[in-house]
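**Q** The structure follows.
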Amino acid sequence: MEARDKQVLRSLRLELGAEVLVEGLVLQYLYQEGILTENHIQEINAQTTGLRKTMLLLDILPSRGPKAFDTFLDSLQEFPWVREKLKKAREEAMTDLPAEMRKLRPKDSVTCLASQLTWRF
């Protein structure tokens with residue numbers, strides 16, 4: 001998962017937790033698409049509350065590969081308002097990145113760019 005998408009999940013963590021996203025088809029879709037394993041599903045379902053289940057899902061997703069965020073968005077068919085909020089936050093993060101880089105001195109921009117490239121590998 002890209003650093004930008006990880007930041008989006010982190011910035012909306014409490015709001016997403018309040019939505020109890022693990023009910024319904026979300027987990028099954030993520031399992032079907034290979035984002036979650038059977039062990040992940042069991043670990044999530046073993047949690048005692050919907051909030052804890054959702055928080056564990058949010059902890060697992062960033063480590064599940066480059067398609068995890070988009071597949072998570074696809075899984076939110078029952079939660080279109082959540083999907084739209086995530087998409088909007090992602091778009092804002094995309095437009096904020098160049099503005100942040102413009103604020104840096106040229107030497108800092110190169111260092112920042114190099115650190116971002118390192119994250120992608």
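Here's how to read the names in the structure tokens: chain A, B, ... by the order shown, residue numbers from 1 in each chain, ligand numbers from 1 in the order shown.
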Quick one: residues within 12 Å of Met1 of chain A, only C-alpha atoms counted, chain neighbours fewer than 5 positions away excluded, as an MDAnalysis selection string?
**A** chainID A and resid 6:9 35 60:72 119:121
**Q** Tell me, as an NGL selection string, which residues lie within 10 Å of segment 10-15 of chain A, counting only C-alpha atoms; anything in the same chain fewer than 3 positions away does not count.
**A** :A and (4-7 or 18-20 or 51 or 54-55 or 58-59 or 62 or 82 or 85-86 or 89)
**Q** Please save all heavy atoms of the selected residues as a compact mmCIF listing (two decimals), in the first residue's frame.
**A**
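This is the output file result-v9.txt:
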# COMPACT_ATOMS: atom_id res chain seq x y z
N ARG A 4 0.75 7.29 0.93
CA ARG A 4 -0.39 8.22 0.91
C ARG A 4 -1.65 7.52 1.39
O ARG A 4 -2.42 8.05 2.19
CB ARG A 4 -0.58 8.74 -0.52
CG ARG A 4 -1.85 9.54 -0.71
CD ARG A 4 -2.23 9.66 -2.18
NE ARG A 4 -2.66 8.37 -2.67
CZ ARG A 4 -2.35 7.87 -3.87
NH1 ARG A 4 -1.60 8.54 -4.69
NH2 ARG A 4 -2.79 6.69 -4.24
N ASP A 5 -1.88 6.29 0.93
CA ASP A 5 -3.08 5.55 1.31
C ASP A 5 -3.03 5.14 2.78
O ASP A 5 -4.05 5.15 3.47
CB ASP A 5 -3.27 4.34 0.41
CG ASP A 5 -3.54 4.74 -1.04
OD1 ASP A 5 -4.00 5.87 -1.27
OD2 ASP A 5 -3.29 3.92 -1.94
N LYS A 6 -1.84 4.79 3.26
CA LYS A 6 -1.68 4.48 4.68
C LYS A 6 -2.03 5.70 5.53
O LYS A 6 -2.69 5.58 6.55
CB LYS A 6 -0.23 4.05 4.98
CG LYS A 6 0.12 2.71 4.42
CD LYS A 6 1.58 2.37 4.71
CE LYS A 6 1.97 1.05 4.08
NZ LYS A 6 3.36 0.69 4.35
N GLN A 7 -1.59 6.88 5.07
CA GLN A 7 -1.89 8.11 5.80
C GLN A 7 -3.39 8.39 5.81
O GLN A 7 -3.94 8.84 6.81
CB GLN A 7 -1.12 9.29 5.20
CG GLN A 7 -1.42 10.62 5.85
CD GLN A 7 -1.17 10.63 7.34
OE1 GLN A 7 -0.24 10.00 7.83
NE2 GLN A 7 -1.99 11.34 8.09
N ALA A 18 -15.78 3.92 14.02
CA ALA A 18 -17.16 4.16 14.45
C ALA A 18 -18.18 3.54 13.50
O ALA A 18 -19.32 3.31 13.87
CB ALA A 18 -17.40 5.66 14.57
N GLU A 19 -17.76 3.25 12.27
CA GLU A 19 -18.68 2.70 11.27
C GLU A 19 -18.85 1.18 11.37
O GLU A 19 -19.69 0.62 10.69
CB GLU A 19 -18.20 3.06 9.86
CG GLU A 19 -18.24 4.53 9.56
CD GLU A 19 -19.65 5.09 9.45
OE1 GLU A 19 -20.61 4.32 9.28
OE2 GLU A 19 -19.79 6.32 9.54
N VAL A 20 -18.06 0.49 12.16
CA VAL A 20 -18.10 -0.97 12.30
C VAL A 20 -18.14 -1.61 10.90
O VAL A 20 -19.10 -2.25 10.51
CB VAL A 20 -19.29 -1.44 13.16
CG1 VAL A 20 -19.18 -2.92 13.48
CG2 VAL A 20 -19.37 -0.64 14.46
N LEU A 51 -15.90 -2.39 17.10
CA LEU A 51 -14.82 -1.40 17.05
C LEU A 51 -13.46 -2.09 17.00
O LEU A 51 -12.60 -1.75 16.18
CB LEU A 51 -14.90 -0.45 18.25
CG LEU A 51 -13.75 0.54 18.39
CD1 LEU A 51 -13.69 1.48 17.20
CD2 LEU A 51 -13.87 1.31 19.69
N THR A 54 -12.89 -3.71 13.60
CA THR A 54 -12.57 -2.73 12.57
C THR A 54 -11.15 -2.20 12.75
O THR A 54 -10.40 -2.06 11.78
CB THR A 54 -13.58 -1.57 12.58
OG1 THR A 54 -14.89 -2.11 12.35
CG2 THR A 54 -13.27 -0.55 11.51
N MET A 55 -10.75 -1.93 13.98
CA MET A 55 -9.40 -1.43 14.23
C MET A 55 -8.34 -2.46 13.82
O MET A 55 -7.32 -2.10 13.24
CB MET A 55 -9.21 -1.05 15.71
CG MET A 55 -10.00 0.17 16.12
SD MET A 55 -9.49 1.62 15.16
CE MET A 55 -10.65 2.81 15.77
N LEU A 58 -8.03 -2.36 10.13
CA LEU A 58 -7.24 -1.19 9.73
C LEU A 58 -5.76 -1.36 10.03
O LEU A 58 -4.91 -0.77 9.35
CB LEU A 58 -7.79 0.07 10.41
CG LEU A 58 -9.20 0.47 10.01
CD1 LEU A 58 -9.68 1.65 10.84
CD2 LEU A 58 -9.29 0.77 8.52
N ASP A 59 -5.43 -2.16 11.03
CA ASP A 59 -4.02 -2.46 11.33
C ASP A 59 -3.43 -3.41 10.28
O ASP A 59 -2.25 -3.30 9.93
CB ASP A 59 -3.89 -3.11 12.71
CG ASP A 59 -4.14 -2.15 13.85
OD1 ASP A 59 -4.09 -0.92 13.63
OD2 ASP A 59 -4.42 -2.63 14.97
N PRO A 62 -2.68 -2.09 5.74
CA PRO A 62 -1.49 -1.46 5.14
C PRO A 62 -0.39 -2.44 4.74
O PRO A 62 0.42 -2.12 3.86
CB PRO A 62 -1.00 -0.51 6.24
CG PRO A 62 -2.22 -0.19 7.02
CD PRO A 62 -3.02 -1.48 7.02
N VAL A 82 -18.79 5.98 3.34
CA VAL A 82 -17.42 5.75 3.81
C VAL A 82 -16.48 5.70 2.61
O VAL A 82 -15.41 6.32 2.62
CB VAL A 82 -17.31 4.46 4.64
CG1 VAL A 82 -15.87 4.16 5.02
CG2 VAL A 82 -18.20 4.53 5.87
N LYS A 85 -15.87 9.17 1.34
CA LYS A 85 -14.99 9.92 2.25
C LYS A 85 -13.53 9.52 2.05
O LYS A 85 -12.64 10.37 2.02
CB LYS A 85 -15.41 9.70 3.70
CG LYS A 85 -14.57 10.47 4.70
CD LYS A 85 -15.12 10.34 6.09
CE LYS A 85 -16.13 11.45 6.24
NZ LYS A 85 -16.41 11.84 7.59
N LEU A 86 -13.28 8.22 1.90
CA LEU A 86 -11.92 7.74 1.68
C LEU A 86 -11.38 8.23 0.33
O LEU A 86 -10.22 8.64 0.23
CB LEU A 86 -11.88 6.22 1.74
CG LEU A 86 -11.96 5.61 3.13
CD1 LEU A 86 -12.25 4.11 3.04
CD2 LEU A 86 -10.68 5.86 3.91
N ALA A 89 -10.53 11.92 0.66
CA ALA A 89 -9.30 12.11 1.43
C ALA A 89 -8.08 11.73 0.61
O ALA A 89 -7.03 12.38 0.68
CB ALA A 89 -9.36 11.29 2.73
**Q** Neighbouring residues of Asn45 of chain A were defined as those with any atom within 10 Å, considering only C-alpha atoms; residues of the same chain fewer than 6 positions away were excluded. Please report them as an NGL selection string.
**A** :A and (22-23 or 27 or 39 or 52-54 or 56)
**Q** For the residues in that selection, give me N, CA, C and O atoms as a CSV table (one decimal), in the first residue's frame.
**A**
chain,number,residue,atom,x,y,z
A,22,VAL,N,-16.7,-4.1,9.6
A,22,VAL,CA,-16.5,-5.6,9.5
A,22,VAL,C,-17.8,-6.4,9.4
A,22,VAL,O,-17.7,-7.6,9.2
A,23,GLU,N,-18.9,-5.7,9.6
A,23,GLU,CA,-20.2,-6.4,9.4
A,23,GLU,C,-20.5,-6.5,8.0
A,23,GLU,O,-20.0,-5.8,7.1
A,27,LEU,N,-15.4,-8.2,4.9
A,27,LEU,CA,-14.3,-9.2,5.2
A,27,LEU,C,-14.3,-10.3,4.1
A,27,LEU,O,-13.2,-10.7,3.7
A,39,ASN,N,-6.5,-16.8,8.3
A,39,ASN,CA,-6.1,-16.5,9.6
A,39,ASN,C,-6.5,-15.1,10.0
A,39,ASN,O,-6.8,-14.8,11.2
A,52,ARG,N,-13.3,-3.1,17.9
A,52,ARG,CA,-12.0,-3.8,17.9
A,52,ARG,C,-11.7,-4.5,16.6
A,52,ARG,O,-10.6,-4.6,16.1
A,53,LYS,N,-12.8,-5.1,16.0
A,53,LYS,CA,-12.7,-5.8,14.8
A,53,LYS,C,-12.2,-4.9,13.7
A,53,LYS,O,-11.3,-5.2,12.9
A,54,THR,N,-12.9,-3.7,13.6
A,54,THR,CA,-12.6,-2.7,12.6
A,54,THR,C,-11.2,-2.2,12.8
A,54,THR,O,-10.4,-2.1,11.8
A,56,LEU,N,-8.6,-3.7,14.1
A,56,LEU,CA,-7.7,-4.8,13.7
A,56,LEU,C,-7.6,-4.8,12.1
A,56,LEU,O,-6.5,-4.9,11.6
**Q** Here is a test: counting only C-alpha atoms, which residue of A:Leu21, A:Asp74, A:Glu2, A:Gly50 is nearest to Glu33 of chain A?
**A** A:Asp74
